[in-house]
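**Q** One structure, as structure tokens, below. Some questions next.
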Amino acid sequence: MPDSMKIIIDTDPGQDDAVAILLAFASPEIEVLGITVVAGNVPLSLTEKNARKICELAGRPQARVFAGASHPLVRQLVTAEDVHGKTGLNGPDLPEPKMPLQKQHAADFIVETLMREASGTVTLCPLGPLTNIAMALAREPKIARRIKQIVLMGGGFFEGGNVTPAAEFNIYVDPHAADIVLKAGIPVVMIPLDCTHQALTTATRVAAFRKLGTGPGIAVAEMLEFFERFDEKKYGTDGGPLHDPCVIAYLLKPELFSGRHINVSVEIASDLTMGMTVADWWGVTKRPKNVTYIRDVDHEAFYRLLVERIGTL
Ligand code: RIB
Ligand code: CA
């Protein structure tokens, strides 16, 4: 077996974040060095608790969870309880976590880890607003060239936005952080709504998780049944898009995804399009190509991978 991939998951759980974290823990190809938490779907006090609940659901109480930014760099925090519920993890009734929250700030953990591990060996997997990543870059700019790659869920262009007509939630919440990260010269793989909107939590797929009959399998079914209702109503589809697990699935099976190396720039000035990710898909500008922009996924294979791996927990 080749060396496992070392990753840090930065997250705002969030039911879809939860499934991504479970997939990572269920995959021996991946070594989760730590989970850093940010305010996003719900406030930080809830996202950090949810992250610990998910680690215990996965049977990983020894995992290290670090709280980070409680608000974006510049703008006011915008949350998404209407999608994720009051707790941010509505659906299953998970017990209060017993495992500790680490004392170190998430940004300091990211810096310390990147400065300790061999250069070019650690992948960052942001699943929420990019505030912690931008803070880490500000605290120690040297980490930029030590990061192997950033594989993030965020953005959207052909599908438009999901929180405004123009912007996807993770980028919209902290567009200034996203702007910093996309201009830092780090290899970035962006998994946007254009891709995740193909990965719908259909009734058949949710049933497959429930059929696992395990704690994690049933909890995932309950999470998805809650999480999908908002988007089913909005888009009139059978199920809703399952965003964040696409990041981990990309690490495990990149061949399931396809995209193009292009320029992506973030709107940080206009109120009308704040947080929009302007994807130069046709190369009509001279802007530097800074992102591998993923537009398609083999969603049948994606769900087969998800159910198979979650079934091992
Ligand atoms: O727009 C979808 C993204 O916003 C996902 O990461 C979801 O968890 C929310 O954070
Ligand atoms: Ca998220």
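Here's how to read the names in the structure tokens: chain A, B, ... by the order shown, residue numbers from 1 in each chain, ligand numbers from 1 in the order shown.
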So which residues touch region 226-232 of chain A within 6 Å, counting only C-alpha atoms, skipping near sequence neighbours fewer than 5 positions away, as a list in words?
**A**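 In the requested format, the answer is Val83, His84, Gly91, Thr237, Gly239 and Gly240 of chain A.
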**Q** Atoms to include: N, CA, C and O atoms. Write the selected residues as a JSON list (two decimals), in the first residue's frame.
**A**
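Output file selection_33.json is given in full below:
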```
[["chain", "number", "residue", "atom", "x", "y", "z"],
["A", 83, "VAL", "N", -31.15, 25.28, 6.30],
["A", 83, "VAL", "CA", -30.77, 24.06, 5.54],
["A", 83, "VAL", "C", -30.40, 22.94, 6.50],
["A", 83, "VAL", "O", -30.85, 21.79, 6.37],
["A", 84, "HIS", "N", -29.59, 23.27, 7.51],
["A", 84, "HIS", "CA", -28.97, 22.23, 8.35],
["A", 84, "HIS", "C", -29.68, 22.01, 9.68],
["A", 84, "HIS", "O", -29.33, 21.10, 10.42],
["A", 91, "GLY", "N", -31.35, 15.60, 12.37],
["A", 91, "GLY", "CA", -31.58, 14.31, 11.71],
["A", 91, "GLY", "C", -31.37, 13.24, 12.74],
["A", 91, "GLY", "O", -32.30, 12.91, 13.47],
["A", 237, "THR", "N", -36.23, 18.25, -7.08],
["A", 237, "THR", "CA", -35.53, 17.01, -7.49],
["A", 237, "THR", "C", -35.78, 15.89, -6.48],
["A", 237, "THR", "O", -36.22, 16.13, -5.36],
["A", 239, "GLY", "N", -34.14, 14.12, -4.02],
["A", 239, "GLY", "CA", -32.90, 14.28, -3.26],
["A", 239, "GLY", "C", -32.26, 15.64, -3.52],
["A", 239, "GLY", "O", -32.65, 16.37, -4.44],
["A", 240, "GLY", "N", -31.25, 15.92, -2.70],
["A", 240, "GLY", "CA", -30.54, 17.20, -2.85],
["A", 240, "GLY", "C", -29.07, 16.93, -3.10],
["A", 240, "GLY", "O", -28.59, 15.81, -2.93]]
```
**Q** Would you write out, as JSON lines, a table of all residues in chain A that have an atom no more than 10 Å from an atom of ligand 2, listing for each the closest atom pair and the distance in Å to one decimal, considering only C-alpha atoms and all ligand atoms and ordering rows by chain and rising residue number?
**A**
```
{"residue": "A:Asp10", "atom": "CA", "partner": "ligand 2", "partner_atom_place_in_ligand_line": "1 (Ca)", "distance": 8.8}
{"residue": "A:Thr11", "atom": "CA", "partner": "ligand 2", "partner_atom_place_in_ligand_line": "1 (Ca)", "distance": 5.7}
{"residue": "A:Asp12", "atom": "CA", "partner": "ligand 2", "partner_atom_place_in_ligand_line": "1 (Ca)", "distance": 5.0}
{"residue": "A:Pro13", "atom": "CA", "partner": "ligand 2", "partner_atom_place_in_ligand_line": "1 (Ca)", "distance": 5.8}
{"residue": "A:Gly14", "atom": "CA", "partner": "ligand 2", "partner_atom_place_in_ligand_line": "1 (Ca)", "distance": 5.7}
{"residue": "A:Gln15", "atom": "CA", "partner": "ligand 2", "partner_atom_place_in_ligand_line": "1 (Ca)", "distance": 8.0}
{"residue": "A:Asp16", "atom": "CA", "partner": "ligand 2", "partner_atom_place_in_ligand_line": "1 (Ca)", "distance": 6.4}
{"residue": "A:Asp17", "atom": "CA", "partner": "ligand 2", "partner_atom_place_in_ligand_line": "1 (Ca)", "distance": 4.9}
{"residue": "A:Ala18", "atom": "CA", "partner": "ligand 2", "partner_atom_place_in_ligand_line": "1 (Ca)", "distance": 8.5}
{"residue": "A:Ala20", "atom": "CA", "partner": "ligand 2", "partner_atom_place_in_ligand_line": "1 (Ca)", "distance": 9.1}
{"residue": "A:Val38", "atom": "CA", "partner": "ligand 2", "partner_atom_place_in_ligand_line": "1 (Ca)", "distance": 9.4}
{"residue": "A:Ala39", "atom": "CA", "partner": "ligand 2", "partner_atom_place_in_ligand_line": "1 (Ca)", "distance": 9.7}
{"residue": "A:Gly40", "atom": "CA", "partner": "ligand 2", "partner_atom_place_in_ligand_line": "1 (Ca)", "distance": 7.4}
{"residue": "A:Asn41", "atom": "CA", "partner": "ligand 2", "partner_atom_place_in_ligand_line": "1 (Ca)", "distance": 6.8}
{"residue": "A:Val42", "atom": "CA", "partner": "ligand 2", "partner_atom_place_in_ligand_line": "1 (Ca)", "distance": 9.9}
{"residue": "A:Thr47", "atom": "CA", "partner": "ligand 2", "partner_atom_place_in_ligand_line": "1 (Ca)", "distance": 9.8}
{"residue": "A:Pro126", "atom": "CA", "partner": "ligand 2", "partner_atom_place_in_ligand_line": "1 (Ca)", "distance": 8.0}
{"residue": "A:Leu127", "atom": "CA", "partner": "ligand 2", "partner_atom_place_in_ligand_line": "1 (Ca)", "distance": 4.4}
{"residue": "A:Gly128", "atom": "CA", "partner": "ligand 2", "partner_atom_place_in_ligand_line": "1 (Ca)", "distance": 4.1}
{"residue": "A:Pro129", "atom": "CA", "partner": "ligand 2", "partner_atom_place_in_ligand_line": "1 (Ca)", "distance": 7.7}
{"residue": "A:Leu152", "atom": "CA", "partner": "ligand 2", "partner_atom_place_in_ligand_line": "1 (Ca)", "distance": 9.7}
{"residue": "A:Met153", "atom": "CA", "partner": "ligand 2", "partner_atom_place_in_ligand_line": "1 (Ca)", "distance": 7.5}
{"residue": "A:Gly154", "atom": "CA", "partner": "ligand 2", "partner_atom_place_in_ligand_line": "1 (Ca)", "distance": 8.7}
{"residue": "A:Phe169", "atom": "CA", "partner": "ligand 2", "partner_atom_place_in_ligand_line": "1 (Ca)", "distance": 8.7}
{"residue": "A:Asn170", "atom": "CA", "partner": "ligand 2", "partner_atom_place_in_ligand_line": "1 (Ca)", "distance": 7.1}
{"residue": "A:His243", "atom": "CA", "partner": "ligand 2", "partner_atom_place_in_ligand_line": "1 (Ca)", "distance": 7.6}
{"residue": "A:Asp244", "atom": "CA", "partner": "ligand 2", "partner_atom_place_in_ligand_line": "1 (Ca)", "distance": 6.0}
{"residue": "A:Pro245", "atom": "CA", "partner": "ligand 2", "partner_atom_place_in_ligand_line": "1 (Ca)", "distance": 9.4}
```
**Q** Using only C-alpha atoms, determine which residues lie at most 8 Å from region 140-146 of chain A, disregarding the query and same-chain residues fewer than 5 positions distant; provide the list as a list in words.
**A** Val111, Leu114, Met115, Ala118, Ser119, Gly120, Thr121, Val122, Ala184, Gly185 and Ile186 of chain A
**Q** Write out as a PDB file with C-alpha atoms, in the first residue's frame all residues of region 183-288 of chain A that backbone DSSP assigns to alpha helix (DSSP H).
**A**
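selection-v6.pdb was written with the following content:
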```pdb
ATOM      1  CA  LEU A 193     -21.937  23.392  -7.298  1.00  0.00           C
ATOM      2  CA  ASP A 194     -21.516  22.616 -11.017  1.00  0.00           C
ATOM      3  CA  CYS A 195     -20.149  19.241  -9.887  1.00  0.00           C
ATOM      4  CA  THR A 196     -21.976  18.608  -6.605  1.00  0.00           C
ATOM      5  CA  ALA A 203     -34.404   7.979  -2.087  1.00  0.00           C
ATOM      6  CA  THR A 204     -32.683   4.825  -3.404  1.00  0.00           C
ATOM      7  CA  ARG A 205     -29.286   6.059  -2.281  1.00  0.00           C
ATOM      8  CA  VAL A 206     -30.515   7.115   1.157  1.00  0.00           C
ATOM      9  CA  ALA A 207     -32.122   3.686   1.544  1.00  0.00           C
ATOM     10  CA  ALA A 208     -28.758   2.062   0.744  1.00  0.00           C
ATOM     11  CA  PHE A 209     -27.182   3.823   3.747  1.00  0.00           C
ATOM     12  CA  ARG A 210     -30.076   2.810   6.017  1.00  0.00           C
ATOM     13  CA  LYS A 211     -29.797  -0.783   4.762  1.00  0.00           C
ATOM     14  CA  GLY A 215     -24.845   3.191  13.618  1.00  0.00           C
ATOM     15  CA  PRO A 216     -22.992   5.310  11.067  1.00  0.00           C
ATOM     16  CA  GLY A 217     -25.091   3.995   8.163  1.00  0.00           C
ATOM     17  CA  ILE A 218     -28.409   4.766   9.847  1.00  0.00           C
ATOM     18  CA  ALA A 219     -27.138   8.144  11.086  1.00  0.00           C
ATOM     19  CA  VAL A 220     -26.081   9.092   7.551  1.00  0.00           C
ATOM     20  CA  ALA A 221     -29.548   8.154   6.239  1.00  0.00           C
ATOM     21  CA  GLU A 222     -31.153  10.301   8.949  1.00  0.00           C
ATOM     22  CA  MET A 223     -28.794  13.221   8.218  1.00  0.00           C
ATOM     23  CA  LEU A 224     -29.487  13.093   4.481  1.00  0.00           C
ATOM     24  CA  GLU A 225     -33.251  12.807   4.947  1.00  0.00           C
ATOM     25  CA  PHE A 226     -33.145  16.015   6.959  1.00  0.00           C
ATOM     26  CA  PHE A 227     -30.528  17.862   4.890  1.00  0.00           C
ATOM     27  CA  GLU A 228     -32.047  17.122   1.476  1.00  0.00           C
ATOM     28  CA  ARG A 229     -35.545  18.480   2.181  1.00  0.00           C
ATOM     29  CA  PHE A 230     -34.486  22.141   1.640  1.00  0.00           C
ATOM     30  CA  ASP A 231     -32.963  21.517  -1.796  1.00  0.00           C
ATOM     31  CA  GLU A 232     -35.663  19.041  -2.875  1.00  0.00           C
ATOM     32  CA  LYS A 233     -38.241  21.786  -2.353  1.00  0.00           C
ATOM     33  CA  LYS A 234     -36.035  24.421  -4.022  1.00  0.00           C
ATOM     34  CA  TYR A 235     -34.967  22.413  -7.075  1.00  0.00           C
ATOM     35  CA  PRO A 245     -18.007  14.222   0.482  1.00  0.00           C
ATOM     36  CA  CYS A 246     -16.994  14.960  -3.146  1.00  0.00           C
ATOM     37  CA  VAL A 247     -13.763  16.441  -1.738  1.00  0.00           C
ATOM     38  CA  ILE A 248     -12.733  13.213  -0.002  1.00  0.00           C
ATOM     39  CA  ALA A 249     -13.973  11.068  -2.893  1.00  0.00           C
ATOM     40  CA  TYR A 250     -11.749  13.153  -5.206  1.00  0.00           C
ATOM     41  CA  LEU A 251      -8.717  12.214  -3.083  1.00  0.00           C
ATOM     42  CA  LEU A 252      -9.684   8.540  -3.176  1.00  0.00           C
TER      43      LEU A 252
END
```
**Q** Smallest atom-to-atom distance to Gly213 (chain A): which of A:Ala80, A:Ile54, A:Ile268, A:Leu313, using only C-alpha atoms?
**A**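 Closest to Gly213 (chain A), using only C-alpha atoms: A:Leu313.
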**Q** Just checking: using only C-alpha atoms and all ligand atoms, which residue out of A:Pro92, A:Gly160, A:Gly311, A:Gly236 ends up closest to ligand 1?
**A**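 Among the listed residues, the smallest separation from ligand 1 belongs to A:Gly160.
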**Q** Find the residues near Glu168 (chain A): any atom within 7 Å, counting only C-alpha atoms, skip ones fewer than 4 places away on the same chain, and give them as a list in words.
**A**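 What passes the distance filter is Gly154, Gly155, Gly156, Gly161, Asn162, Val163 and Tyr172 of chain A.
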**Q** At a cut-off of 10 Å, using only C-alpha atoms, what residues contact Leu124 (chain A)? Leave out same-chain residues fewer than 6 positions from it and give the result as JSON, numbers by chain.
**A** {"A": [6, 7, 8, 9, 10, 110, 114, 133, 147, 148, 149, 150, 151, 152, 188]}
**Q** For the strand (DSSP E or B) assignment from backbone DSSP, which residues of region 108-190 of chain A qualify? Please present them as a list in words.
**A**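 Assigned to strand (DSSP E or B), within region 108-190 of chain A: Val122, Thr123, Leu124, Cys125, Pro126, Ile147, Lys148, Gln149, Ile150, Val151, Leu152, Met153, Val188, Val189 and Met190 of chain A.
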**Q** Now that the selection is made, can you save its residues with C-alpha atoms as a short mmCIF file (atom, residue, chain, number, x, y, z; two decimals), in the first residue's frame?
**A**
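Output saved as result-v6.cif:
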```cif
data_model
loop_
_atom_site.label_atom_id
_atom_site.label_comp_id
_atom_site.auth_asym_id
_atom_site.auth_seq_id
_atom_site.Cartn_x
_atom_site.Cartn_y
_atom_site.Cartn_z
CA VAL A 122 -0.05 17.57 3.48
CA THR A 123 -3.35 18.23 1.67
CA LEU A 124 -5.85 20.74 3.09
CA CYS A 125 -9.52 19.82 2.60
CA PRO A 126 -11.70 22.87 3.33
CA ILE A 147 1.02 22.72 1.12
CA LYS A 148 0.76 19.78 -1.30
CA GLN A 149 -2.65 20.92 -2.56
CA ILE A 150 -5.95 22.35 -1.39
CA VAL A 151 -9.03 20.34 -2.42
CA LEU A 152 -12.05 22.42 -1.43
CA MET A 153 -15.80 22.38 -1.81
CA VAL A 188 -6.13 24.31 -5.69
CA VAL A 189 -8.79 21.82 -6.79
CA MET A 190 -12.20 23.47 -6.56
#
```
**Q** Report the distance between CA of Met135 (chain A) and CA of Leu182 (chain A) in Å, rounded to one decimal place.
**A**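 Result for CA of Met135 (chain A) versus CA of Leu182 (chain A): 13.6 Å, one decimal.
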**Q** Provide the CA of Phe25 (chain A) to CA of Ala199 (chain A) distance in Å, to one decimal place.
**A**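 So the answer is 20.7 Å.
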**Q** Counting only C-alpha atoms, what is within 9 Å of Lys289 (chain A), bar same-chain residues fewer than 6 positions away, as a list in words?
**A**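 These residues fall inside the cut-off: His261, Ile262, Asn263, Val264, Asp280 and Gly283 of chain A.
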**Q** With only C-alpha atoms as the basis for distance, which of A:Gln76, A:Thr36, A:Thr87, A:Asn50 is at the shortest distance from Gln102 (chain A)?
**A**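 For Gln102 (chain A), the nearest of the candidates is A:Thr36.
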**Q** Compare A:Leu242, A:Val181, A:Val74, A:Val278 by their minimum atom-to-atom distance to ligand 1, counting only C-alpha atoms and all ligand atoms, and give me the closest one.
**A**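 Among A:Leu242, A:Val181, A:Val74, A:Val278, it is A:Leu242 that comes nearest to ligand 1.
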**Q** One decimal, Å: what's the distance from CA of Phe302 (chain A) over to CA of Leu94 (chain A), could you say?
**A**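 Straight-line distance from CA of Phe302 (chain A) to CA of Leu94 (chain A) works out to 25.8 Å.
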**Q** When you count only C-alpha atoms, which of these residues is closest to Ala279 (chain A): A:Val19, A:Ala166, A:Ile180, A:Ala106?
**A**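 Closest to Ala279 (chain A), using only C-alpha atoms: A:Ala166.
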